[in-house]
Amino acid sequence: MLQNTPMLIRGIISTPLPSSLRLTTPTPRPKNVVVSAQTPTSTTPIPTNHSISDQALESRGFVLRRTIDDLNLDDLNTVFVAVGFPKRDPQKIRLALENTDSLLWVEYKKTQRPVAFARATGDGVFNAIIWDVVVDPSFQGIGLGKAVMERLLEDLLSRGICNIALYSEPRVLGFYRPLGFVSDPDGIRGMVYSTKHKKKKK
Ligand SMILES: CC(C)(COP(=O)(O)OP(=O)(O)OC[C@H]1O[C@@H](n2cnc3c(N)ncnc32)[C@H](O)[C@@H]1OP(=O)(O)O)[C@@H](O)C(=O)NCCC(=O)NCCS
């Protein structure tokens with residue numbers, strides 16, 4: 001799950017060349033680390049060039065979706081569990097998604113199942129936090145994670161939201177950096193009050 005370490009979106013959000021279409025084996029999941037984020041100016045350029053176009057995704061059998069209509073939450077939960085997130089109550093997931101400002105998921109047409117997902121909550125004006133960035137292990141490494149993140153950022157930035165935070169595991173920092181996120185901007189550190197961490201200390 002997204003957890004500990006501060007990051008900011010600052011300046012140009014880059015859109016590197018598309019990854020080649022390849023299927024990879026998932027890497028082992030390390031321990032989580034706290035991360036948070038923020039974005040500075042309302043002049044941050046809005047990325048308009050996607051590393052993979054909607055059409056290219058479609059031609060490879062993937063459909064981008066922006067609502068929870070047709071999203072099977074049990075299937076989504078299966079993806080969460082497959083990447084090591086805790087299995088969550090589908091009813092709570094539904095409520096969380098209903099309270100989400102912006103979300104994107106990718107359906108694999110062949111199975112009609114979700115294979116990539118990301119969402120953001122926030123105040124709708126200044127701030128947003130990105131959560132639950134996941135790609136099914138069987139579909140990692142082919143550009144789907146970047147595809148959903150680019151479009152989620154584009155949606156938030158187009159609404160003038162300039163502070164966009166997320167929690168990143170240390171091993172995933174390299175995934176977020178090319179998207180424009182930086183850690184500890186101006187020395188700012190993320191702090192988390194979490195009952196999960198308190199329980200762990202007992
Ligand atoms: C992290 C995750 C979302 C990336 O999705 P993905 O679809 O595999 O990534 P992409 O194929 O879109 O990769 C985009 C780029 O990021 C790079 N990248 C992907 N994962 C990376 C990582 N862990 N570290 C550094 N770079 C990474 C790719 O090499 C690629 O680079 P390129 O554009 O130069 O070719 C996915 O691996 C995942 O779901 N992991 C498990 C869950 C998780 O850790 N989520 C994040 C919680 S903080």
# chains A, B, ... in the order shown; residues from 1 in each chain; ligands from 1

$ select_by_dssp --residues "range 135-177 of chain A" --states "helix (DSSP H, G or I)" --output "list in words"
Pro137, Ser138, Phe139, Leu144, Gly145, Lys146, Ala147, Val148, Met149, Glu150, Arg151, Leu152, Leu153, Glu154, Asp155, Leu156, Leu157, Ser158, Pro170, Arg171, Val172, Leu173, Gly174, Phe175, Tyr176 and Arg177 of chain A

$ write_last_selection --atoms "C-alpha atoms" --output "PDB file, in the first residue's frame"
ATOM      1  CA  PRO A 137       1.779  -8.470 -11.704  1.00  0.00           C
ATOM      2  CA  SER A 138       1.110 -10.271 -15.003  1.00  0.00           C
ATOM      3  CA  PHE A 139       0.779  -6.900 -16.735  1.00  0.00           C
ATOM      4  CA  LEU A 144       0.137   0.568 -17.814  1.00  0.00           C
ATOM      5  CA  GLY A 145       1.268   2.109 -14.512  1.00  0.00           C
ATOM      6  CA  LYS A 146       2.654   5.123 -16.304  1.00  0.00           C
ATOM      7  CA  ALA A 147      -0.458   5.324 -18.486  1.00  0.00           C
ATOM      8  CA  VAL A 148      -2.822   5.582 -15.514  1.00  0.00           C
ATOM      9  CA  MET A 149      -0.552   7.959 -13.576  1.00  0.00           C
ATOM     10  CA  GLU A 150      -0.135  10.323 -16.536  1.00  0.00           C
ATOM     11  CA  ARG A 151      -3.869  10.542 -17.015  1.00  0.00           C
ATOM     12  CA  LEU A 152      -4.642  10.896 -13.322  1.00  0.00           C
ATOM     13  CA  LEU A 153      -2.122  13.748 -13.026  1.00  0.00           C
ATOM     14  CA  GLU A 154      -3.488  15.345 -16.171  1.00  0.00           C
ATOM     15  CA  ASP A 155      -6.992  15.253 -14.730  1.00  0.00           C
ATOM     16  CA  LEU A 156      -5.925  16.773 -11.391  1.00  0.00           C
ATOM     17  CA  LEU A 157      -3.743  19.466 -12.957  1.00  0.00           C
ATOM     18  CA  SER A 158      -6.429  20.401 -15.470  1.00  0.00           C
ATOM     19  CA  PRO A 170      11.330   3.096  -1.524  1.00  0.00           C
ATOM     20  CA  ARG A 171      11.610   0.639  -4.378  1.00  0.00           C
ATOM     21  CA  VAL A 172       8.978   2.520  -6.392  1.00  0.00           C
ATOM     22  CA  LEU A 173      10.523   6.002  -6.096  1.00  0.00           C
ATOM     23  CA  GLY A 174      12.147   5.484  -9.495  1.00  0.00           C
ATOM     24  CA  PHE A 175       8.729   4.942 -11.028  1.00  0.00           C
ATOM     25  CA  TYR A 176       7.336   8.227  -9.698  1.00  0.00           C
ATOM     26  CA  ARG A 177      10.345  10.491 -10.315  1.00  0.00           C
TER      27      ARG A 177
END

$ select_by_dssp --residues "range 18-193 of chain A" --states "strand (DSSP E or B)" --output "PDB file with N, CA and C atoms, in the first residue's frame"
ATOM      1  N   ALA A  37       3.519  13.959  -0.360  1.00  0.00           N
ATOM      2  CA  ALA A  37       3.872  14.848  -1.462  1.00  0.00           C
ATOM      3  C   ALA A  37       3.073  16.130  -1.488  1.00  0.00           C
ATOM      4  N   GLN A  38       3.419  16.981  -2.406  1.00  0.00           N
ATOM      5  CA  GLN A  38       2.861  18.309  -2.557  1.00  0.00           C
ATOM      6  C   GLN A  38       3.284  18.817  -3.914  1.00  0.00           C
ATOM      7  N   PHE A  62      -6.508  -3.160 -24.231  1.00  0.00           N
ATOM      8  CA  PHE A  62      -6.797  -2.497 -22.957  1.00  0.00           C
ATOM      9  C   PHE A  62      -7.752  -1.319 -23.159  1.00  0.00           C
ATOM     10  N   VAL A  63      -8.674  -1.163 -22.217  1.00  0.00           N
ATOM     11  CA  VAL A  63      -9.609  -0.036 -22.283  1.00  0.00           C
ATOM     12  C   VAL A  63      -9.462   0.796 -21.018  1.00  0.00           C
ATOM     13  N   LEU A  64      -9.312   2.104 -21.200  1.00  0.00           N
ATOM     14  CA  LEU A  64      -9.205   3.011 -20.041  1.00  0.00           C
ATOM     15  C   LEU A  64     -10.591   3.358 -19.535  1.00  0.00           C
ATOM     16  N   ARG A  65     -10.764   3.282 -18.240  1.00  0.00           N
ATOM     17  CA  ARG A  65     -12.070   3.623 -17.670  1.00  0.00           C
ATOM     18  C   ARG A  65     -11.886   4.614 -16.519  1.00  0.00           C
ATOM     19  N   SER A 102     -11.009  11.392  -8.281  1.00  0.00           N
ATOM     20  CA  SER A 102     -10.595  11.048  -9.634  1.00  0.00           C
ATOM     21  C   SER A 102     -10.019   9.641  -9.623  1.00  0.00           C
ATOM     22  N   LEU A 103     -10.445   8.827 -10.548  1.00  0.00           N
ATOM     23  CA  LEU A 103      -9.862   7.487 -10.618  1.00  0.00           C
ATOM     24  C   LEU A 103      -9.749   7.024 -12.054  1.00  0.00           C
ATOM     25  N   LEU A 104      -8.850   6.107 -12.244  1.00  0.00           N
ATOM     26  CA  LEU A 104      -8.636   5.537 -13.561  1.00  0.00           C
ATOM     27  C   LEU A 104      -8.338   4.068 -13.406  1.00  0.00           C
ATOM     28  N   TRP A 105      -8.920   3.265 -14.251  1.00  0.00           N
ATOM     29  CA  TRP A 105      -8.523   1.870 -14.256  1.00  0.00           C
ATOM     30  C   TRP A 105      -8.479   1.359 -15.682  1.00  0.00           C
ATOM     31  N   VAL A 106      -7.723   0.315 -15.853  1.00  0.00           N
ATOM     32  CA  VAL A 106      -7.563  -0.261 -17.178  1.00  0.00           C
ATOM     33  C   VAL A 106      -8.184  -1.639 -17.176  1.00  0.00           C
ATOM     34  N   GLU A 107      -9.083  -1.832 -18.125  1.00  0.00           N
ATOM     35  CA  GLU A 107      -9.709  -3.146 -18.266  1.00  0.00           C
ATOM     36  C   GLU A 107      -8.992  -3.922 -19.367  1.00  0.00           C
ATOM     37  N   TYR A 108      -8.703  -5.176 -19.073  1.00  0.00           N
ATOM     38  CA  TYR A 108      -8.169  -6.060 -20.109  1.00  0.00           C
ATOM     39  C   TYR A 108      -9.372  -6.684 -20.798  1.00  0.00           C
ATOM     40  N   ARG A 113     -11.410  -7.851 -16.893  1.00  0.00           N
ATOM     41  CA  ARG A 113     -10.978  -7.604 -15.514  1.00  0.00           C
ATOM     42  C   ARG A 113     -10.073  -6.378 -15.426  1.00  0.00           C
ATOM     43  N   PRO A 114     -10.051  -5.734 -14.250  1.00  0.00           N
ATOM     44  CA  PRO A 114      -9.118  -4.613 -14.077  1.00  0.00           C
ATOM     45  C   PRO A 114      -7.690  -5.130 -13.963  1.00  0.00           C
ATOM     46  N   VAL A 115      -6.772  -4.471 -14.659  1.00  0.00           N
ATOM     47  CA  VAL A 115      -5.365  -4.868 -14.566  1.00  0.00           C
ATOM     48  C   VAL A 115      -4.482  -3.707 -14.099  1.00  0.00           C
ATOM     49  N   ALA A 116      -5.040  -2.504 -14.089  1.00  0.00           N
ATOM     50  CA  ALA A 116      -4.290  -1.348 -13.570  1.00  0.00           C
ATOM     51  C   ALA A 116      -5.287  -0.381 -12.951  1.00  0.00           C
ATOM     52  N   PHE A 117      -4.820   0.329 -11.918  1.00  0.00           N
ATOM     53  CA  PHE A 117      -5.738   1.193 -11.173  1.00  0.00           C
ATOM     54  C   PHE A 117      -4.949   2.289 -10.464  1.00  0.00           C
ATOM     55  N   ALA A 118      -5.555   3.458 -10.342  1.00  0.00           N
ATOM     56  CA  ALA A 118      -5.007   4.536  -9.497  1.00  0.00           C
ATOM     57  C   ALA A 118      -6.147   5.486  -9.176  1.00  0.00           C
ATOM     58  N   ARG A 119      -6.077   6.115  -8.014  1.00  0.00           N
ATOM     59  CA  ARG A 119      -7.146   7.056  -7.658  1.00  0.00           C
ATOM     60  C   ARG A 119      -6.575   8.194  -6.816  1.00  0.00           C
ATOM     61  N   ALA A 120      -7.348   9.291  -6.749  1.00  0.00           N
ATOM     62  CA  ALA A 120      -6.911  10.436  -5.953  1.00  0.00           C
ATOM     63  C   ALA A 120      -8.084  10.993  -5.151  1.00  0.00           C
ATOM     64  N   THR A 121      -7.803  11.325  -3.911  1.00  0.00           N
ATOM     65  CA  THR A 121      -8.783  12.015  -3.079  1.00  0.00           C
ATOM     66  C   THR A 121      -8.262  13.428  -2.838  1.00  0.00           C
ATOM     67  N   GLY A 122      -9.138  14.321  -2.378  1.00  0.00           N
ATOM     68  CA  GLY A 122      -8.646  15.665  -2.097  1.00  0.00           C
ATOM     69  C   GLY A 122      -9.756  16.657  -1.877  1.00  0.00           C
ATOM     70  N   ASN A 127      -5.542  20.599  -3.148  1.00  0.00           N
ATOM     71  CA  ASN A 127      -4.734  19.433  -2.775  1.00  0.00           C
ATOM     72  C   ASN A 127      -5.357  18.114  -3.194  1.00  0.00           C
ATOM     73  N   ALA A 128      -4.487  17.187  -3.527  1.00  0.00           N
ATOM     74  CA  ALA A 128      -4.950  15.824  -3.798  1.00  0.00           C
ATOM     75  C   ALA A 128      -3.885  14.836  -3.328  1.00  0.00           C
ATOM     76  N   ILE A 129      -4.332  13.679  -2.953  1.00  0.00           N
ATOM     77  CA  ILE A 129      -3.408  12.592  -2.609  1.00  0.00           C
ATOM     78  C   ILE A 129      -3.761  11.378  -3.464  1.00  0.00           C
ATOM     79  N   ILE A 130      -2.730  10.820  -4.032  1.00  0.00           N
ATOM     80  CA  ILE A 130      -2.910   9.654  -4.901  1.00  0.00           C
ATOM     81  C   ILE A 130      -2.748   8.378  -4.082  1.00  0.00           C
ATOM     82  N   TRP A 131      -3.664   7.437  -4.323  1.00  0.00           N
ATOM     83  CA  TRP A 131      -3.680   6.181  -3.574  1.00  0.00           C
ATOM     84  C   TRP A 131      -3.803   4.989  -4.521  1.00  0.00           C
ATOM     85  N   ASP A 132      -3.443   3.851  -3.978  1.00  0.00           N
ATOM     86  CA  ASP A 132      -3.766   2.564  -4.626  1.00  0.00           C
ATOM     87  C   ASP A 132      -3.316   2.482  -6.079  1.00  0.00           C
ATOM     88  N   VAL A 133      -2.074   2.865  -6.313  1.00  0.00           N
ATOM     89  CA  VAL A 133      -1.519   2.727  -7.668  1.00  0.00           C
ATOM     90  C   VAL A 133      -1.063   1.276  -7.824  1.00  0.00           C
ATOM     91  N   VAL A 134      -1.763   0.545  -8.648  1.00  0.00           N
ATOM     92  CA  VAL A 134      -1.424  -0.880  -8.807  1.00  0.00           C
ATOM     93  C   VAL A 134      -1.561  -1.334 -10.250  1.00  0.00           C
ATOM     94  N   VAL A 135      -0.698  -2.270 -10.582  1.00  0.00           N
ATOM     95  CA  VAL A 135      -0.812  -2.959 -11.870  1.00  0.00           C
ATOM     96  C   VAL A 135      -0.707  -4.448 -11.569  1.00  0.00           C
ATOM     97  N   ASN A 163      -1.148  20.883  -5.607  1.00  0.00           N
ATOM     98  CA  ASN A 163      -0.409  20.076  -4.633  1.00  0.00           C
ATOM     99  C   ASN A 163      -0.887  18.638  -4.726  1.00  0.00           C
ATOM    100  N   ILE A 164      -0.032  17.807  -5.249  1.00  0.00           N
ATOM    101  CA  ILE A 164      -0.416  16.406  -5.454  1.00  0.00           C
ATOM    102  C   ILE A 164       0.588  15.527  -4.724  1.00  0.00           C
ATOM    103  N   ALA A 165       0.087  14.844  -3.713  1.00  0.00           N
ATOM    104  CA  ALA A 165       0.964  14.054  -2.850  1.00  0.00           C
ATOM    105  C   ALA A 165       0.725  12.569  -3.059  1.00  0.00           C
ATOM    106  N   LEU A 166       1.705  11.804  -2.682  1.00  0.00           N
ATOM    107  CA  LEU A 166       1.490  10.352  -2.632  1.00  0.00           C
ATOM    108  C   LEU A 166       2.474   9.732  -1.653  1.00  0.00           C
ATOM    109  N   PHE A 181       7.516  13.709  -9.672  1.00  0.00           N
ATOM    110  CA  PHE A 181       7.511  13.738  -8.204  1.00  0.00           C
ATOM    111  C   PHE A 181       8.940  13.833  -7.662  1.00  0.00           C
ATOM    112  N   VAL A 182       9.093  14.608  -6.597  1.00  0.00           N
ATOM    113  CA  VAL A 182      10.388  14.676  -5.923  1.00  0.00           C
ATOM    114  C   VAL A 182      10.184  14.448  -4.433  1.00  0.00           C
ATOM    115  N   SER A 183      11.207  13.937  -3.789  1.00  0.00           N
ATOM    116  CA  SER A 183      11.156  13.677  -2.354  1.00  0.00           C
ATOM    117  C   SER A 183      11.671  14.885  -1.583  1.00  0.00           C
TER     118      SER A 183
END

$ atom_distance --atom1 "CA of Thr100 in chain A" --atom2 "CA of Thr195 in chain A"
21.3 Å

$ atom_distance --atom1 "CA of Asp69 in chain A" --atom2 "CA of Asn49 in chain A"
26.6 Å

$ closest_residue --among "A:Ser194, A:Asn99, A:Ser168, A:Gln112" --to "ligand 1" --atoms "only C-alpha atoms and all ligand atoms"
A:Ser168

$ closest_residue --among "A:Asp136, A:Gly61, A:Asp123, A:Asp54" --to "Ala82 in chain A" --atoms "only C-alpha atoms"
A:Asp136

$ atom_distance --atom1 "atom 8 (O, counted along the ligand's line) of ligand 1" --atom2 "CA of Asp101 in chain A"
23.6 Å

$ closest_residue --among "A:Gly190, A:Pro178, A:Pro90, A:Pro185" --to "ligand 1" --atoms "only C-alpha atoms and all ligand atoms"
A:Pro178

$ closest_residue --among "A:Val81, A:Ile188, A:Cys162, A:Val125" --to "ligand 1" --atoms "only C-alpha atoms and all ligand atoms"
A:Val81

$ closest_residue --among "A:Arg94, A:His50, A:Arg60, A:Arg66" --to "ligand 1" --atoms "only C-alpha atoms and all ligand atoms"
A:His50
